[in-house]
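Here is the structure we will look at.
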Amino acid sequence: MAPILAENSKPNLPDGDNYVNNGFVNIKNPHLDLLSEDILYHFDLGTKTHDLPLMFGDVKFVCVGGSANRMRDFAVFIHKELGLEGDGNSITDICAGTDRYSMYKVGPVLSISHGMGVPSISIMLHELIKLLHHAKCRDVTIIRIGTSGGIGIEPGTVVITDTAVDAFFRPQFDQVILDKVVVRNTELHRELAENLLQCSTEIPDFPSIIGHTMCTYDFYEGQGRLDGALCSFSKEEKLEYLRKAYAAGVRNIEMESTVFAAMCHLCGLKAAVVCVTLLNRLEGDQISQSHNVLKEFQTRPQQLIAKFIKKQLGLCT
Ligand code: R2B
Ligand code: URA
């Protein structure tokens, strides 16, 4: 069995505060200084080929989400919401040289897709955090906007995550490094979550709540679904598990929040997770709402984040 190590989640800052490093991200890799060039391979960007401070130095908000189309839609939406000049539809994909991720910049907002699951978002986050470092960005807030399965709540509810938990309801992310398991803290920024909940009270069109979000490594067996290609448990066992999750404070299930929370926390990025629920998992497994309903649901986290960003920029009260 691999040794299990608990990682000190605090960076080596004098006052031990993760979020104090003159607002810069905390890169924790001494080897990076030895590179003559850093190639952000999956973004098709690099420190020698691109002027990263010029391209990204003014970024204050990074919004990440699974689908490339949704993150493009968000870029167009936030362009309109911020009242920026020009046609939002002419926004171009900064990562057009690769089809791994898409990235759009709209004023101080960066909108990036991360694909599905922990490995995909983790690769994106390594390169994004290095990008923010190379670009000398300061005081950046990062928010994952996504979809999820709800537990015991009305479909269409937006869940603002207070703590990301694993499939055993533990607030931790187990990162395998060489032949060891390193346990990382999945704390999210409490004040940011409360701030987002406060913003949500000003959007009466849909319910928003704060709760724990469970992150799994799979959509089917990993989330207790009965409708995958493989299933070895009964409906009663599934419901018992989901009810246990509910009792532990879990209100929704998705596939990226623990690694997102862990990496952002270690690097001192203020981070939040805001996901809409597409169904109530106590009622079923299949996502059977109409295309139009699902499309509208997916705009909900975007509406909330747009309101938050506008408030932060002093564009609304
Ligand atoms: C939510 O939805 C995706 C699976 O359908 C996954 O990326 C997630 O976290
Ligand atoms: N995304 C998930 O990971 N699970 C769901 O049930 C719905 C969306």
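Chain labels run A, B, ... following the order of the structure tokens; each chain numbers its residues from 1, and ligands are numbered from 1 in the order shown.
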
(request) Please identify all polymer residues within 10 Å of Val293 in chain A, counting only C-alpha atoms, omitting same-chain residues fewer than 5 positions from it, and present them as a PyMOL selection string. (result) chain A and resi 156+278+288+298

(message) What residues of the protein or nucleic acid chains come within 8 Å of ligand 1 when you use only C-alpha atoms and all ligand atoms? Reply as JSON, numbers by chain.
(response) {"A": [66, 115, 116, 117, 146, 147, 148, 149, 215, 219, 253, 254, 255, 256, 257]}

(request) Extract the full set of strand (DSSP E or B) residues from range 222-273 of chain A according to DSSP on the backbone, and format it as a ChimeraX atom specification. (result) /A:250-254,270-273

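For range 170-172 of chain A, the residues within 7 Å (counting only C-alpha atoms, excluding itself and residues fewer than 6 positions away along the chain) are Thr163, Ala164, Val183, Arg184, Asn185, Thr186 and Thr258 of chain A.
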
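When CA of Asn195 in chain A is paired with CA of His212 in chain A, their separation reads 16.5 Å.
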
(request) Find the spatial neighbours of Val159 in chain A, counting only C-alpha atoms, within a cut-off of 12 Å - ignore same-chain residues fewer than 5 positions away - and output them as a ChimeraX atom specification. (result) /A:144-151,153-154,164,193-194,196-197,200,206-214,249-254,272-278,300-301,304

(request) Could you give me, as a PyMOL selection string, the residues within 12 Å of Leu84 in chain A, counting only C-alpha atoms and dropping anything in the same chain fewer than 4 positions from it? (result) chain A and resi 75-80+88+91+105-109+315

Put those residues in a file: N, CA and C atoms, as a PDB file, in the first residue's frame.
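Result file selection_34.pdb:
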ATOM      1  N   ALA A  75     -18.382  33.958 -22.476  1.00  0.00           N
ATOM      2  CA  ALA A  75     -17.555  35.109 -22.889  1.00  0.00           C
ATOM      3  C   ALA A  75     -18.425  36.145 -23.611  1.00  0.00           C
ATOM      4  N   VAL A  76     -19.305  35.674 -24.511  1.00  0.00           N
ATOM      5  CA  VAL A  76     -20.179  36.589 -25.255  1.00  0.00           C
ATOM      6  C   VAL A  76     -21.131  37.290 -24.269  1.00  0.00           C
ATOM      7  N   PHE A  77     -21.665  36.508 -23.320  1.00  0.00           N
ATOM      8  CA  PHE A  77     -22.610  37.042 -22.335  1.00  0.00           C
ATOM      9  C   PHE A  77     -21.942  38.104 -21.453  1.00  0.00           C
ATOM     10  N   ILE A  78     -20.752  37.814 -20.958  1.00  0.00           N
ATOM     11  CA  ILE A  78     -20.093  38.748 -20.029  1.00  0.00           C
ATOM     12  C   ILE A  78     -19.649  40.013 -20.785  1.00  0.00           C
ATOM     13  N   HIS A  79     -19.323  39.853 -22.053  1.00  0.00           N
ATOM     14  CA  HIS A  79     -18.977  41.012 -22.884  1.00  0.00           C
ATOM     15  C   HIS A  79     -20.160  41.981 -22.908  1.00  0.00           C
ATOM     16  N   LYS A  80     -21.348  41.421 -23.115  1.00  0.00           N
ATOM     17  CA  LYS A  80     -22.558  42.253 -23.161  1.00  0.00           C
ATOM     18  C   LYS A  80     -22.843  42.851 -21.777  1.00  0.00           C
ATOM     19  N   GLY A  88     -19.503  41.152 -29.315  1.00  0.00           N
ATOM     20  CA  GLY A  88     -19.075  40.003 -28.520  1.00  0.00           C
ATOM     21  C   GLY A  88     -18.895  38.753 -29.363  1.00  0.00           C
ATOM     22  N   ILE A  91     -15.349  37.587 -30.566  1.00  0.00           N
ATOM     23  CA  ILE A  91     -14.347  37.134 -29.597  1.00  0.00           C
ATOM     24  C   ILE A  91     -13.689  35.856 -30.129  1.00  0.00           C
ATOM     25  N   LYS A 105     -10.815  35.946 -23.748  1.00  0.00           N
ATOM     26  CA  LYS A 105     -10.563  37.049 -22.819  1.00  0.00           C
ATOM     27  C   LYS A 105     -11.506  38.194 -23.154  1.00  0.00           C
ATOM     28  N   VAL A 106     -12.196  38.651 -22.111  1.00  0.00           N
ATOM     29  CA  VAL A 106     -13.153  39.750 -22.267  1.00  0.00           C
ATOM     30  C   VAL A 106     -12.822  40.766 -21.175  1.00  0.00           C
ATOM     31  N   GLY A 107     -12.120  41.831 -21.510  1.00  0.00           N
ATOM     32  CA  GLY A 107     -11.685  42.783 -20.480  1.00  0.00           C
ATOM     33  C   GLY A 107     -10.897  42.039 -19.410  1.00  0.00           C
ATOM     34  N   PRO A 108     -11.291  42.203 -18.136  1.00  0.00           N
ATOM     35  CA  PRO A 108     -10.538  41.548 -17.058  1.00  0.00           C
ATOM     36  C   PRO A 108     -10.971  40.106 -16.797  1.00  0.00           C
ATOM     37  N   VAL A 109     -11.836  39.579 -17.675  1.00  0.00           N
ATOM     38  CA  VAL A 109     -12.391  38.230 -17.440  1.00  0.00           C
ATOM     39  C   VAL A 109     -11.806  37.238 -18.439  1.00  0.00           C
ATOM     40  N   LEU A 315     -19.921  48.156 -11.375  1.00  0.00           N
ATOM     41  CA  LEU A 315     -20.827  48.457 -12.503  1.00  0.00           C
ATOM     42  C   LEU A 315     -22.292  48.319 -12.100  1.00  0.00           C
TER      43      LEU A 315
END

(request) Determine, counting only C-alpha atoms, which protein, DNA and RNA residues have an atom within 12 Å of an atom of Asp174 in chain A; residues of the same chain fewer than 4 positions away are not included. Present the result as a PyMOL selection string. (result) chain A and resi 2-7+118+165-168+170+180-186+215-217+258-259+262-263

For C-alpha atoms, I'd like the residues from the last selection saved as a PDB file, in the first residue's frame.
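Final file, part-v9.pdb:
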ATOM      1  CA  ALA A   2       1.290   3.487  -0.894  1.00  0.00           C
ATOM      2  CA  PRO A   3       2.244   5.712   2.052  1.00  0.00           C
ATOM      3  CA  ILE A   4      -0.283   8.446   2.798  1.00  0.00           C
ATOM      4  CA  LEU A   5       1.055  11.919   3.591  1.00  0.00           C
ATOM      5  CA  ALA A   6      -0.937  14.929   4.728  1.00  0.00           C
ATOM      6  CA  GLU A   7       0.332  18.000   2.916  1.00  0.00           C
ATOM      7  CA  VAL A 118     -10.214  15.470 -12.438  1.00  0.00           C
ATOM      8  CA  VAL A 165     -15.763  16.433  -0.579  1.00  0.00           C
ATOM      9  CA  ASP A 166     -14.709  13.091  -2.014  1.00  0.00           C
ATOM     10  CA  ALA A 167     -16.888   9.990  -2.498  1.00  0.00           C
ATOM     11  CA  PHE A 168     -16.456   9.170   1.216  1.00  0.00           C
ATOM     12  CA  ARG A 170     -14.178  13.714   3.271  1.00  0.00           C
ATOM     13  CA  LYS A 180       2.862   8.245  -2.378  1.00  0.00           C
ATOM     14  CA  VAL A 181      -0.642   9.510  -1.754  1.00  0.00           C
ATOM     15  CA  VAL A 182      -0.580  13.157  -0.734  1.00  0.00           C
ATOM     16  CA  VAL A 183      -3.760  14.311   0.981  1.00  0.00           C
ATOM     17  CA  ARG A 184      -4.717  17.869   0.088  1.00  0.00           C
ATOM     18  CA  ASN A 185      -7.176  20.218   1.728  1.00  0.00           C
ATOM     19  CA  THR A 186     -10.253  21.150  -0.341  1.00  0.00           C
ATOM     20  CA  CYS A 215     -16.633  15.132  -6.537  1.00  0.00           C
ATOM     21  CA  THR A 216     -16.402  11.686  -8.141  1.00  0.00           C
ATOM     22  CA  TYR A 217     -14.116  10.028 -10.688  1.00  0.00           C
ATOM     23  CA  THR A 258     -11.948  18.576  -5.123  1.00  0.00           C
ATOM     24  CA  VAL A 259      -8.859  18.984  -7.298  1.00  0.00           C
ATOM     25  CA  ALA A 262      -7.066  21.806  -3.573  1.00  0.00           C
ATOM     26  CA  MET A 263      -4.913  23.364  -6.302  1.00  0.00           C
TER      27      MET A 263
END

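Remark: for ligand 2, the closest of the candidate residues A:Glu283, A:Glu237, A:Glu37, A:Asp58 is A:Glu283 (distances computed over only C-alpha atoms and all ligand atoms).
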
(request) List every residue of range 129-298 of chain A that DSSP, applied to the backbone of this structure, places in alpha helix (DSSP H), and write the result as a ChimeraX atom specification. (result) /A:129-134,190-200,235-247,257-266,291-298

(request) Would you kindly return, as a PyMOL selection string, each protein, DNA or RNA residue with an atom no farther than 10 Å from any atom of Asn22 in chain A, considering only C-alpha atoms and excluding same-chain residues fewer than 4 positions away? (result) chain A and resi 26+138-139

Could those selected residues go to a file with N, CA and C atoms, as a compact mmCIF listing (two decimals), in the first residue's frame?
# COMPACT_ATOMS: atom_id res chain seq x y z
N ASN A 26 0.78 31.81 -5.73
CA ASN A 26 1.94 31.14 -5.13
C ASN A 26 2.30 29.92 -5.97
N ARG A 138 -2.48 39.82 -10.55
CA ARG A 138 -2.65 40.02 -9.10
C ARG A 138 -4.13 40.01 -8.74
N ASP A 139 -4.41 39.55 -7.51
CA ASP A 139 -5.77 39.59 -6.95
C ASP A 139 -6.80 38.92 -7.86

(request) Return the single residue from A:Leu132, A:Pro155, A:Phe169, A:Phe24 that is closest to Ala248 in chain A, with distances computed using only C-alpha atoms. (result) A:Phe169

(message) I need the residue nearest ligand 2 from this list: A:Ser234, A:Gln175, A:Gln302, A:Ser67. Use only C-alpha atoms and all ligand atoms for the distance.
(response) A:Ser67

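Compared by their closest atoms to ligand 2, and using only C-alpha atoms and all ligand atoms, the residues A:Lys130, A:Lys311, A:Lys238, A:Arg225 rank with A:Arg225 nearest.
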